[in-house]
$ cat protein_4.pdb   # PDB, C-alpha atoms
ATOM      1  CA  MET Z  10      98.299 105.336 114.516
ATOM      2  CA  THR Z  11     100.957 107.522 112.932
ATOM      3  CA  VAL Z  12     104.456 106.115 113.270
ATOM      4  CA  GLY Z  13     104.273 102.387 113.186
ATOM      5  CA  ASP Z  14     101.508  99.871 113.587
ATOM      6  CA  PRO Z  15     102.026  97.439 116.417
ATOM      7  CA  ALA Z  16     100.724  94.115 115.237
ATOM      8  CA  THR Z  17      97.527  94.458 117.171
ATOM      9  CA  PRO Z  18      94.930  91.720 116.927
ATOM     10  CA  ALA Z  19      92.869  94.051 114.767
ATOM     11  CA  ALA Z  20      95.772  94.572 112.366
ATOM     12  CA  ARG Z  21      96.595  90.867 112.264
ATOM     13  CA  GLY Z  22      92.943  89.997 111.771
ATOM     14  CA  ALA Z  23      92.710  92.405 108.859
ATOM     15  CA  ALA Z  24      95.841  90.969 107.244
ATOM     16  CA  ILE Z  25      94.475  87.444 107.536
ATOM     17  CA  LEU Z  26      91.153  88.583 106.085
ATOM     18  CA  GLY Z  27      93.007  90.071 103.139
ATOM     19  CA  ALA Z  28      95.084  86.962 102.649
ATOM     20  CA  LYS Z  29      91.982  84.770 102.742
ATOM     21  CA  ALA Z  30      90.284  86.925 100.133
ATOM     22  CA  ALA Z  31      93.372  86.637  97.947
ATOM     23  CA  VAL Z  32      93.588  82.819  98.119
ATOM     24  CA  PRO Z  33      91.708  81.973  94.898
ATOM     25  CA  LEU Z  34      93.596  84.696  93.059
ATOM     26  CA  ALA Z  35      96.897  83.488  94.479
ATOM     27  CA  VAL Z  36      96.069  79.939  93.378
ATOM     28  CA  ALA Z  37      95.679  81.261  89.823
ATOM     29  CA  ALA Z  38      98.882  83.282  90.141
ATOM     30  CA  VAL Z  39     100.943  80.090  90.374
ATOM     31  CA  PRO Z  40     100.166  78.806  86.856
ATOM     32  CA  PHE Z  41     100.456  82.358  85.527
ATOM     33  CA  GLY Z  42     103.879  82.605  87.119
ATOM     34  CA  LEU Z  43     104.700  79.214  85.680
ATOM     35  CA  VAL Z  44     103.857  80.409  82.174
ATOM     36  CA  TYR Z  45     106.199  83.335  82.685
ATOM     37  CA  GLY Z  46     108.926  81.189  84.240
ATOM     38  CA  VAL Z  47     108.815  78.781  81.335
ATOM     39  CA  ALA Z  48     109.016  81.728  78.948
ATOM     40  CA  VAL Z  49     112.167  82.856  80.775
ATOM     41  CA  ALA Z  50     113.672  79.388  80.419
ATOM     42  CA  ASP Z  51     112.897  79.489  76.707
ATOM     43  CA  SER Z  52     114.326  82.950  76.200
ATOM     44  CA  SER Z  53     117.825  84.317  75.796
ATOM     45  CA  VAL Z  54     117.496  86.112  79.100
ATOM     46  CA  SER Z  55     119.240  84.378  81.981
ATOM     47  CA  ALA Z  56     117.159  82.626  84.612
ATOM     48  CA  TRP Z  57     118.356  84.979  87.366
ATOM     49  CA  VAL Z  58     117.575  88.127  85.421
ATOM     50  CA  GLY Z  59     114.290  86.868  84.053
ATOM     51  CA  GLY Z  60     113.258  85.563  87.437
ATOM     52  CA  ALA Z  61     114.180  88.827  89.120
ATOM     53  CA  ALA Z  62     111.704  90.604  86.870
ATOM     54  CA  SER Z  63     108.921  88.906  88.812
ATOM     55  CA  TRP Z  64     109.780  90.974  91.850
ATOM     56  CA  ILE Z  65     111.216  94.018  90.082
ATOM     57  CA  VAL Z  66     108.387  94.595  87.623
ATOM     58  CA  LEU Z  67     105.767  92.397  89.288
ATOM     59  CA  ALA Z  68     103.378  92.441  86.321
ATOM     60  CA  GLY Z  69     102.934  89.366  84.163
ATOM     61  CA  ALA Z  70     101.817  90.846  80.858
ATOM     62  CA  ALA Z  71     104.540  93.490  80.920
ATOM     63  CA  GLN Z  72     107.170  90.916  81.877
ATOM     64  CA  LEU Z  73     106.231  88.645  78.994
ATOM     65  CA  SER Z  74     106.348  91.593  76.644
ATOM     66  CA  LEU Z  75     109.812  92.578  77.933
ATOM     67  CA  LEU Z  76     111.111  89.060  77.386
ATOM     68  CA  SER Z  77     109.761  88.945  73.874
ATOM     69  CA  LEU Z  78     111.143  92.328  72.863
ATOM     70  CA  ILE Z  79     114.540  91.704  74.465
ATOM     71  CA  ASP Z  80     114.749  88.377  72.653
ATOM     72  CA  ASN Z  81     113.975  90.147  69.400
ATOM     73  CA  ASP Z  82     116.736  92.714  69.994
ATOM     74  CA  ALA Z  83     114.318  95.591  70.226
ATOM     75  CA  ALA Z  84     115.669  98.987  71.207
ATOM     76  CA  TRP Z  85     115.566  99.372  74.988
ATOM     77  CA  VAL Z  86     113.252 102.363  74.667
ATOM     78  CA  THR Z  87     110.767 100.173  72.814
ATOM     79  CA  ALA Z  88     111.006  97.304  75.281
ATOM     80  CA  VAL Z  89     110.736  99.505  78.360
ATOM     81  CA  GLY Z  90     108.199 101.860  76.783
ATOM     82  CA  THR Z  91     105.896  99.021  75.771
ATOM     83  CA  ALA Z  92     106.050  97.554  79.263
ATOM     84  CA  LEU Z  93     105.072 100.908  80.748
ATOM     85  CA  VAL Z  94     102.200 101.356  78.301
ATOM     86  CA  ILE Z  95     100.916  97.898  79.216
ATOM     87  CA  ASN Z  96     101.119  98.904  82.883
ATOM     88  CA  ALA Z  97      99.576 102.346  82.399
ATOM     89  CA  ARG Z  98      96.305 101.179  83.963
ATOM     90  CA  PHE Z  99      98.088 101.154  87.327
ATOM     91  CA  VAL Z 100      97.743 104.925  87.347
ATOM     92  CA  LEU Z 101      93.994 104.473  87.442
ATOM     93  CA  TYR Z 102      94.208 102.022  90.340
ATOM     94  CA  SER Z 103      96.512 104.469  92.100
ATOM     95  CA  ALA Z 104      93.958 107.244  91.689
ATOM     96  CA  ALA Z 105      91.156 105.010  92.942
ATOM     97  CA  LEU Z 106      93.153 104.013  96.045
ATOM     98  CA  ALA Z 107      94.636 107.453  96.744
ATOM     99  CA  PRO Z 108      91.835 108.748  99.015
ATOM    100  CA  ALA Z 109      92.063 105.673 101.257
ATOM    101  CA  PHE Z 110      95.857 105.760 101.210
ATOM    102  CA  ALA Z 111      95.874 109.444 102.166
ATOM    103  CA  ASP Z 112      95.166 108.327 105.752
ATOM    104  CA  PHE Z 113      98.140 105.952 105.803
ATOM    105  CA  PRO Z 114     101.548 106.858 107.275
ATOM    106  CA  ALA Z 115     104.147 107.948 104.728
ATOM    107  CA  ARG Z 116     106.165 104.757 104.655
ATOM    108  CA  TRP Z 117     103.052 102.692 104.012
ATOM    109  CA  ARG Z 118     102.179 104.970 101.100
ATOM    110  CA  VAL Z 119     105.664 104.458  99.703
ATOM    111  CA  ALA Z 120     105.852 100.709 100.266
ATOM    112  CA  LEU Z 121     102.372  99.397  99.444
ATOM    113  CA  PRO Z 122     102.235 100.597  95.817
ATOM    114  CA  TYR Z 123     105.171  98.306  95.064
ATOM    115  CA  LEU Z 124     102.778  95.385  95.579
ATOM    116  CA  LEU Z 125      99.932  96.863  93.538
ATOM    117  CA  THR Z 126      98.448  94.470  91.005
ATOM    118  CA  ASP Z 127      95.033  94.233  89.318
ATOM    119  CA  GLN Z 128      94.018  91.623  91.831
ATOM    120  CA  THR Z 129      95.219  93.433  94.955
ATOM    121  CA  ALA Z 130      93.718  96.717  93.771
ATOM    122  CA  SER Z 131      90.368  95.071  93.097
ATOM    123  CA  LEU Z 132      90.233  93.296  96.439
ATOM    124  CA  ALA Z 133      91.273  96.429  98.293
ATOM    125  CA  LEU Z 134      88.795  98.708  96.526
ATOM    126  CA  LEU Z 135      85.980  96.274  97.186
ATOM    127  CA  HIS Z 136      86.936  95.930 100.850
ATOM    128  CA  PHE Z 137      87.489  99.638 101.434
ATOM    129  CA  GLY Z 138      83.859 100.207 100.445
ATOM    130  CA  THR Z 139      82.824  98.742 103.785
ATOM    131  CA  GLU Z 140      85.964  98.944 105.934
ATOM    132  CA  ARG Z 141      86.720 102.519 106.959
ATOM    133  CA  ASP Z 142      89.467 102.053 109.539
ATOM    134  CA  PRO Z 143      92.811 103.085 107.995
ATOM    135  CA  VAL Z 144      94.774 100.592 110.095
ATOM    136  CA  LYS Z 145      92.609  97.647 109.096
ATOM    137  CA  ARG Z 146      92.562  98.849 105.510
ATOM    138  CA  ARG Z 147      96.317  98.893 105.102
ATOM    139  CA  TRP Z 148      96.840  95.565 106.848
ATOM    140  CA  TYR Z 149      94.090  94.005 104.706
ATOM    141  CA  TYR Z 150      95.872  95.286 101.615
ATOM    142  CA  LEU Z 151      99.221  94.009 102.908
ATOM    143  CA  GLY Z 152      97.853  90.554 103.687
ATOM    144  CA  ALA Z 153      96.190  90.213 100.306
ATOM    145  CA  ALA Z 154      99.119  91.627  98.351
ATOM    146  CA  LEU Z 155     101.801  89.547 100.064
ATOM    147  CA  LEU Z 156      99.934  86.299  99.531
ATOM    148  CA  PHE Z 157      99.320  87.087  95.908
ATOM    149  CA  VAL Z 158     102.841  88.189  94.994
ATOM    150  CA  THR Z 159     104.356  85.268  96.912
ATOM    151  CA  ALA Z 160     102.325  82.908  94.751
ATOM    152  CA  TRP Z 161     103.487  84.829  91.693
ATOM    153  CA  TRP Z 162     107.142  84.483  92.705
ATOM    154  CA  ILE Z 163     106.711  80.787  93.490
ATOM    155  CA  GLY Z 164     105.084  80.187  90.120
ATOM    156  CA  THR Z 165     107.918  82.005  88.385
ATOM    157  CA  VAL Z 166     110.610  79.990  90.116
ATOM    158  CA  VAL Z 167     108.872  76.678  89.458
ATOM    159  CA  GLY Z 168     108.376  77.636  85.818
ATOM    160  CA  ILE Z 169     112.041  78.492  85.385
ATOM    161  CA  VAL Z 170     113.121  75.282  87.060
ATOM    162  CA  LEU Z 171     110.716  73.136  85.043
ATOM    163  CA  GLY Z 172     111.769  75.005  81.916
ATOM    164  CA  GLY Z 173     111.910  72.680  78.975
ATOM    165  CA  SER Z 174     110.463  69.759  80.867
ATOM    166  CA  ARG Z 175     107.140  71.491  81.385
ATOM    167  CA  PRO Z 176     103.922  69.517  81.014
ATOM    168  CA  GLU Z 177     102.382  69.917  77.587
ATOM    169  CA  ALA Z 178      99.425  72.182  76.940
ATOM    170  CA  LEU Z 179      99.581  74.326  80.045
ATOM    171  CA  ASP Z 180      96.462  75.984  78.741
ATOM    172  CA  ILE Z 181      95.300  78.326  81.407
ATOM    173  CA  GLY Z 182      94.152  80.890  78.876
ATOM    174  CA  PHE Z 183      90.559  81.198  80.063
ATOM    175  CA  ALA Z 184      91.696  81.588  83.674
ATOM    176  CA  ILE Z 185      92.551  85.209  82.968
ATOM    177  CA  PRO Z 186      89.126  86.376  81.785
ATOM    178  CA  ALA Z 187      87.547  84.114  84.416
ATOM    179  CA  MET Z 188      89.558  85.843  87.134
ATOM    180  CA  PHE Z 189      88.664  89.306  85.924
ATOM    181  CA  ILE Z 190      85.005  88.360  85.602
ATOM    182  CA  ALA Z 191      85.186  87.271  89.238
ATOM    183  CA  LEU Z 192      86.757  90.628  90.133
ATOM    184  CA  VAL Z 193      84.414  92.884  88.175
ATOM    185  CA  VAL Z 194      81.001  91.465  89.138
ATOM    186  CA  PRO Z 195      81.166  92.514  92.826
ATOM    187  CA  VAL Z 196      81.896  96.140  91.886
ATOM    188  CA  LEU Z 197      78.878  96.456  89.606
ATOM    189  CA  VAL Z 198      76.807  97.973  92.364
ATOM    190  CA  ASP Z 199      74.763 100.696  90.738
ATOM    191  CA  ARG Z 200      73.666 102.047  87.393
ATOM    192  CA  ALA Z 201      76.732 104.218  86.963
ATOM    193  CA  SER Z 202      79.148 101.342  87.506
ATOM    194  CA  ILE Z 203      77.215  99.048  85.148
ATOM    195  CA  VAL Z 204      77.123 101.737  82.470
ATOM    196  CA  ALA Z 205      80.846 102.371  82.960
ATOM    197  CA  ALA Z 206      81.594  98.669  82.628
ATOM    198  CA  VAL Z 207      79.457  98.063  79.544
ATOM    199  CA  VAL Z 208      80.787 101.140  77.748
ATOM    200  CA  ALA Z 209      84.372 100.302  78.724
ATOM    201  CA  ALA Z 210      83.965  96.773  77.378
ATOM    202  CA  ALA Z 211      82.415  97.936  74.122
ATOM    203  CA  VAL Z 212      84.960 100.683  73.452
ATOM    204  CA  THR Z 213      87.846  98.354  74.312
ATOM    205  CA  VAL Z 214      86.683  95.995  71.559
ATOM    206  CA  ILE Z 215      86.022  98.834  69.114
ATOM    207  CA  ALA Z 216      89.479 100.242  69.798
ATOM    208  CA  ALA Z 217      91.039  96.849  69.124
ATOM    209  CA  GLY Z 218      93.456  98.389  66.655
ATOM    210  CA  PHE Z 219      95.319 100.140  69.457
ATOM    211  CA  PRO Z 220      98.111  97.825  70.630
ATOM    212  CA  ASN Z 221      99.723  96.978  73.929
ATOM    213  CA  GLY Z 222      96.671  97.465  76.072
ATOM    214  CA  THR Z 223      96.094 101.018  74.890
ATOM    215  CA  ASN Z 224      92.619  99.931  73.816
ATOM    216  CA  ILE Z 225      91.993  98.984  77.452
ATOM    217  CA  ILE Z 226      92.972 102.466  78.627
ATOM    218  CA  ILE Z 227      90.800 104.137  75.997
ATOM    219  CA  GLY Z 228      87.906 101.842  76.848
ATOM    220  CA  ALA Z 229      88.278 102.376  80.586
ATOM    221  CA  LEU Z 230      88.501 106.166  80.348
ATOM    222  CA  THR Z 231      85.478 106.307  78.040
ATOM    223  CA  GLY Z 232      83.557 104.029  80.390
ATOM    224  CA  ILE Z 233      84.399 106.239  83.367
ATOM    225  CA  ALA Z 234      83.319 109.376  81.509
ATOM    226  CA  VAL Z 235      80.017 107.914  80.329
ATOM    227  CA  GLY Z 236      79.384 106.317  83.717
ATOM    228  CA  ARG Z 237      79.891 109.724  85.318
ATOM    229  CA  GLY Z 238      77.331 111.123  82.939
ATOM    230  CA  ALA Z 239      74.898 108.393  83.888
ATOM    231  CA  ALA Z 240      75.450 109.166  87.588
ATOM    232  CA  VAL Z 241      74.865 112.882  87.029
ATOM    233  CA  ASN Z 242      71.652 112.234  85.126
ATOM    234  CA  ALA Z 243      70.408 109.923  87.829
ATOM    235  CA  ALA Z 244      71.075 112.455  90.579
TER     236      ALA Z 244
ATOM    237  CA  MET O   6     121.204  98.398  77.627
ATOM    238  CA  SER O   7     121.484  94.997  79.239
ATOM    239  CA  PRO O   8     118.359  92.921  79.836
ATOM    240  CA  PHE O   9     118.734  93.464  83.572
ATOM    241  CA  ALA O  10     118.963  97.230  83.176
ATOM    242  CA  GLN O  11     115.876  97.255  80.972
ATOM    243  CA  ILE O  12     113.978  95.214  83.548
ATOM    244  CA  LEU O  13     115.171  97.555  86.288
ATOM    245  CA  VAL O  14     114.065 100.673  84.417
ATOM    246  CA  ALA O  15     110.723  99.054  83.595
ATOM    247  CA  GLY O  16     110.346  98.121  87.247
ATOM    248  CA  ILE O  17     111.111 101.594  88.526
ATOM    249  CA  GLY O  18     108.790 103.127  85.945
ATOM    250  CA  THR O  19     106.031 100.696  86.857
ATOM    251  CA  TYR O  20     106.448 101.505  90.549
ATOM    252  CA  LEU O  21     106.096 105.197  89.740
ATOM    253  CA  LEU O  22     102.879 104.468  87.834
ATOM    254  CA  ARG O  23     101.566 102.504  90.800
ATOM    255  CA  ALA O  24     102.581 105.125  93.346
ATOM    256  CA  SER O  25     101.704 108.180  91.257
ATOM    257  CA  ALA O  26      98.360 109.324  92.602
ATOM    258  CA  ILE O  27      98.980 107.747  95.994
ATOM    259  CA  LEU O  28     102.122 109.793  96.602
ATOM    260  CA  LEU O  29     100.898 112.965  94.934
ATOM    261  CA  ALA O  30      97.557 113.084  96.696
ATOM    262  CA  GLY O  31      99.360 112.836 100.015
ATOM    263  CA  ARG O  32      97.422 114.221 102.889
ATOM    264  CA  LEU O  33      95.109 116.449 100.935
ATOM    265  CA  ALA O  34      91.644 117.015 102.254
ATOM    266  CA  SER O  35      89.203 114.310 101.231
ATOM    267  CA  PRO O  36      88.211 114.564  97.601
ATOM    268  CA  SER O  37      84.830 116.043  96.789
ATOM    269  CA  ALA O  38      81.835 113.773  96.396
ATOM    270  CA  SER O  39      82.024 114.317  92.669
ATOM    271  CA  VAL O  40      85.660 113.198  92.454
ATOM    272  CA  GLU O  41      84.887 110.249  94.718
ATOM    273  CA  GLN O  42      82.086 109.171  92.395
ATOM    274  CA  THR O  43      84.463 109.262  89.453
ATOM    275  CA  LEU O  44      87.121 107.279  91.302
ATOM    276  CA  ARG O  45      84.557 104.627  92.177
ATOM    277  CA  LEU O  46      84.018 103.971  88.490
ATOM    278  CA  ILE O  47      87.662 103.114  87.860
ATOM    279  CA  ALA O  48      87.468  99.500  89.012
ATOM    280  CA  PRO O  49      84.308  98.584  87.056
ATOM    281  CA  ALA O  50      85.642 100.294  83.925
ATOM    282  CA  VAL O  51      89.205  98.939  83.972
ATOM    283  CA  LEU O  52      88.210  95.406  84.957
ATOM    284  CA  ALA O  53      85.421  95.255  82.369
ATOM    285  CA  ALA O  54      87.835  96.549  79.719
ATOM    286  CA  ILE O  55      90.293  93.780  80.585
ATOM    287  CA  VAL O  56      87.546  91.128  80.466
ATOM    288  CA  ALA O  57      86.407  92.375  77.058
ATOM    289  CA  ASP O  58      89.951  92.516  75.719
ATOM    290  CA  ARG O  59      90.615  88.930  76.793
ATOM    291  CA  LEU O  60      87.258  87.492  75.845
ATOM    292  CA  PHE O  61      86.715  89.075  72.447
ATOM    293  CA  LEU O  62      90.128  89.933  71.035
ATOM    294  CA  VAL O  63      92.953  87.677  69.963
ATOM    295  CA  ASP O  64      96.035  89.532  68.707
ATOM    296  CA  GLY O  65      94.003  92.696  68.348
ATOM    297  CA  GLN O  66      91.287  91.074  66.236
ATOM    298  CA  LEU O  67      87.696  90.366  67.136
ATOM    299  CA  THR O  68      87.613  86.590  67.264
ATOM    300  CA  ALA O  69      84.626  84.299  67.674
ATOM    301  CA  GLN O  70      85.382  82.086  70.655
ATOM    302  CA  TRP O  71      81.932  80.771  71.423
ATOM    303  CA  ASP O  72      83.116  78.372  74.100
ATOM    304  CA  TRP O  73      84.895  81.207  75.918
ATOM    305  CA  TRP O  74      81.911  83.537  75.535
ATOM    306  CA  LEU O  75      79.487  80.982  76.895
ATOM    307  CA  ALA O  76      81.860  80.049  79.702
ATOM    308  CA  GLY O  77      82.245  83.758  80.447
ATOM    309  CA  LEU O  78      78.476  84.122  80.724
ATOM    310  CA  ILE O  79      78.331  81.163  83.066
ATOM    311  CA  ALA O  80      81.206  82.546  85.124
ATOM    312  CA  GLY O  81      79.452  85.904  85.316
ATOM    313  CA  ALA O  82      76.244  84.290  86.541
ATOM    314  CA  VAL O  83      78.153  82.265  89.139
ATOM    315  CA  ALA O  84      80.006  85.383  90.279
ATOM    316  CA  TRP O  85      76.711  87.252  90.595
ATOM    317  CA  ARG O  86      75.130  84.499  92.633
ATOM    318  CA  TRP O  87      77.990  83.431  94.882
ATOM    319  CA  ARG O  88      80.458  86.383  94.904
ATOM    320  CA  SER O  89      83.318  83.938  95.294
ATOM    321  CA  ALA O  90      86.360  84.319  93.098
ATOM    322  CA  GLY O  91      87.360  80.724  93.740
ATOM    323  CA  ILE O  92      84.019  79.242  92.746
ATOM    324  CA  THR O  93      83.725  81.562  89.750
ATOM    325  CA  MET O  94      87.134  80.627  88.397
ATOM    326  CA  ALA O  95      86.694  76.914  89.078
ATOM    327  CA  VAL O  96      83.278  76.785  87.399
ATOM    328  CA  GLY O  97      84.566  78.930  84.536
ATOM    329  CA  MET O  98      87.521  76.651  83.864
ATOM    330  CA  LEU O  99      85.298  73.581  84.112
ATOM    331  CA  ALA O 100      82.791  75.131  81.721
ATOM    332  CA  VAL O 101      85.413  76.006  79.130
ATOM    333  CA  TRP O 102      86.964  72.571  79.384
ATOM    334  CA  LEU O 103      83.597  70.841  78.958
ATOM    335  CA  LEU O 104      82.569  73.130  76.111
ATOM    336  CA  SER O 105      85.776  72.564  74.189
ATOM    337  CA  ALA O 106      85.468  68.831  74.788
ATOM    338  CA  ILE O 107      81.997  68.656  73.268
ATOM    339  CA  SER O 108      82.584  71.161  70.439
TER     340      SER O 108
END
$ encode --input "protein_4.pdb" --output "structure tokens"
Amino acid sequence: MTVGDPATPAARGAAILGAKAAVPLAVAAVPFGLVYGVAVADSSVSAWVGGAASWIVLAGAAQLSLLSLIDNDAAWVTAVGTALVINARFVLYSAALAPAFADFPARWRVALPYLLTDQTASLALLHFGTERDPVKRRWYYLGAALLFVTAWWIGTVVGIVLGGSRPEALDIGFAIPAMFIALVVPVLVDRASIVAAVVAAAVTVIAAGFPNGTNIIIGALTGIAVGRGAAVNAA
Amino acid sequence: MSPFAQILVAGIGTYLLRASAILLAGRLASPSASVEQTLRLIAPAVLAAIVADRLFLVDGQLTAQWDWWLAGLIAGAVAWRWRSAGITMAVGMLAVWLLSAIS
């Protein structure tokens, strides 16, 4: 398969499998999107512009940060720079997915990263561990990613529309750690990964003074390094 | 720079972050086993870092949120046993709601 993928049953099946896997995450994406949409309604940014961010930036934490900084008249370099720092972890997901994506046709490699989120990356990486066929892999990713981002967009729009008339105490706070707990447990498959995870968690907390998710990057990189060491020692 | 322009620049920059390794690696030969092992640690490390950041830190400070910590433990156990994101999140949310109701 080099030029285009006809929608073979195998490709369609893979896309549906991906979408199914993404369902619980997509369900959570709606209230997350709502939180963002409501924030747009509350901000000085217009509904159209704020709403567009959900498909231009496609990253909740960074979008909320942008809104906040724009509202506070921050310099554009600060607003944009902070958003990119918050999203820096996407480079790590990109590296993790690169070997699998190397077998994809060029336009897939250009298009799919647009839809890359924590959730899609996690589902894909987990699935690629057992699925080796490049066609099924990319359609799985596409199915999962499209479902998830559609839910995100829907949540955003509903949040903007509800705006000031939102229900009180939309407290979905714990849903975020709950979701990431659900995503991390399946990838703790051996000693190296468990070591990496524990070290990453500990260092992230220790590095709490570093703002805008930088502590997460520091924690993750340390965890990867120590986990590598654990793997080498076990070999 | 207008809000829209800032969002656009942030969006383009974020896309480049997402596409970085994927576009650069291109059609290179498969990475060595050693590199592959390192790449396989990215998901556990990044996801665990995010969990820790959300569970233990509020505004950059270590904060005791016993109901969240306990609910997180429960969610982790459920995830281990059933490997279902839906069940994990549902049980987690239920646990945190119950814990905050009784505390």
$ closest_residue --input "protein_4.pdb" --among "Z:Asp199, Z:Gly182, Z:Ala191, Z:Thr213" --to "Trp73 of chain O" --atoms "only C-alpha atoms"
Z:Gly182
$ interface_residues --input "protein_4.pdb" --of "chain Z" --to "chain O" --cutoff "6 Å" --atoms "only C-alpha atoms" --output "PyMOL selection string"
chain Z and resi 33+58+65-66+89+99-100+103-105+107+111+122-123+186-189+191+193+196+202+205-206+209-210+213+217-218+225+229+232-233
$ atom_distance --input "protein_4.pdb" --atom1 "atom CA of Val158 of chain Z" --atom2 "atom CA of Ala28 of chain Z"
11.0 Å
$ resolve_selection --input "protein_4.pdb" --expression "the PyMOL selection byres ((chain Z and resi 26) around 10)" --output "PyMOL selection string"
chain Z and resi 20-25+27-31+136+145+148-150+152-153
$ write_last_selection --input "protein_4.pdb" --atoms "C-alpha atoms" --output "PDB file, in the frame of the given file"
ATOM      1  CA  ALA Z  20      95.772  94.572 112.366  1.00  0.00           C
ATOM      2  CA  ARG Z  21      96.595  90.867 112.264  1.00  0.00           C
ATOM      3  CA  GLY Z  22      92.943  89.997 111.771  1.00  0.00           C
ATOM      4  CA  ALA Z  23      92.710  92.405 108.859  1.00  0.00           C
ATOM      5  CA  ALA Z  24      95.841  90.969 107.244  1.00  0.00           C
ATOM      6  CA  ILE Z  25      94.475  87.444 107.536  1.00  0.00           C
ATOM      7  CA  GLY Z  27      93.007  90.071 103.139  1.00  0.00           C
ATOM      8  CA  ALA Z  28      95.084  86.962 102.649  1.00  0.00           C
ATOM      9  CA  LYS Z  29      91.982  84.770 102.742  1.00  0.00           C
ATOM     10  CA  ALA Z  30      90.284  86.925 100.133  1.00  0.00           C
ATOM     11  CA  ALA Z  31      93.372  86.637  97.947  1.00  0.00           C
ATOM     12  CA  HIS Z 136      86.936  95.930 100.850  1.00  0.00           C
ATOM     13  CA  LYS Z 145      92.609  97.647 109.096  1.00  0.00           C
ATOM     14  CA  TRP Z 148      96.840  95.565 106.848  1.00  0.00           C
ATOM     15  CA  TYR Z 149      94.090  94.005 104.706  1.00  0.00           C
ATOM     16  CA  TYR Z 150      95.872  95.286 101.615  1.00  0.00           C
ATOM     17  CA  GLY Z 152      97.853  90.554 103.687  1.00  0.00           C
ATOM     18  CA  ALA Z 153      96.190  90.213 100.306  1.00  0.00           C
TER      19      ALA Z 153
END
$ residues_near_point --input "protein_4.pdb" --point "(101.6, 79.0, 92.2)" --cutoff "8 Å" --atoms "only C-alpha atoms" --output "list in words"
Ala35, Val36, Ala37, Ala38, Val39, Pro40, Phe41, Gly42, Leu43, Ala160, Trp161, Trp162, Ile163, Gly164 and Thr165 of chain Z
$ axis_aligned_box --input "protein_4.pdb" --around "segment 41-60 of chain O" --padding-each-side "3 Å" --output "lines of an AutoDock Vina configuration file"
center_x = 86.4
center_y = 98.9
center_z = 85.2
size_x = 14.5
size_y = 28.8
size_z = 25.0
$ closest_residue --input "protein_4.pdb" --among "Z:Ala109, Z:Ala154, Z:Leu76, Z:Ala83" --to "Arg141 of chain Z" --atoms "only C-alpha atoms"
Z:Ala109
$ residues_near_point --input "protein_4.pdb" --point "(71.6, 102.9, 88.8)" --cutoff "10 Å" --atoms "all atoms listed in the file" --output "list in words"
Leu197, Val198, Asp199, Arg200, Ala201, Ser202, Ile203, Val204, Gly236, Ala239, Ala240, Ala243 and Ala244 of chain Z
$ residues_around --input "protein_4.pdb" --residues "Ala92 of chain Z" --least-positions-apart "6" --cutoff "9 Å" --atoms "all atoms listed in the file" --output "list in words"
Ala70, Ala71, Gln72, Leu73, Ser74, Leu75 and Asn221 of chain Z; Ala15 and Thr19 of chain O
$ atom_distance --input "protein_4.pdb" --atom1 "atom CA of Gly222 of chain Z" --atom2 "atom CA of Val94 of chain Z"
7.1 Å
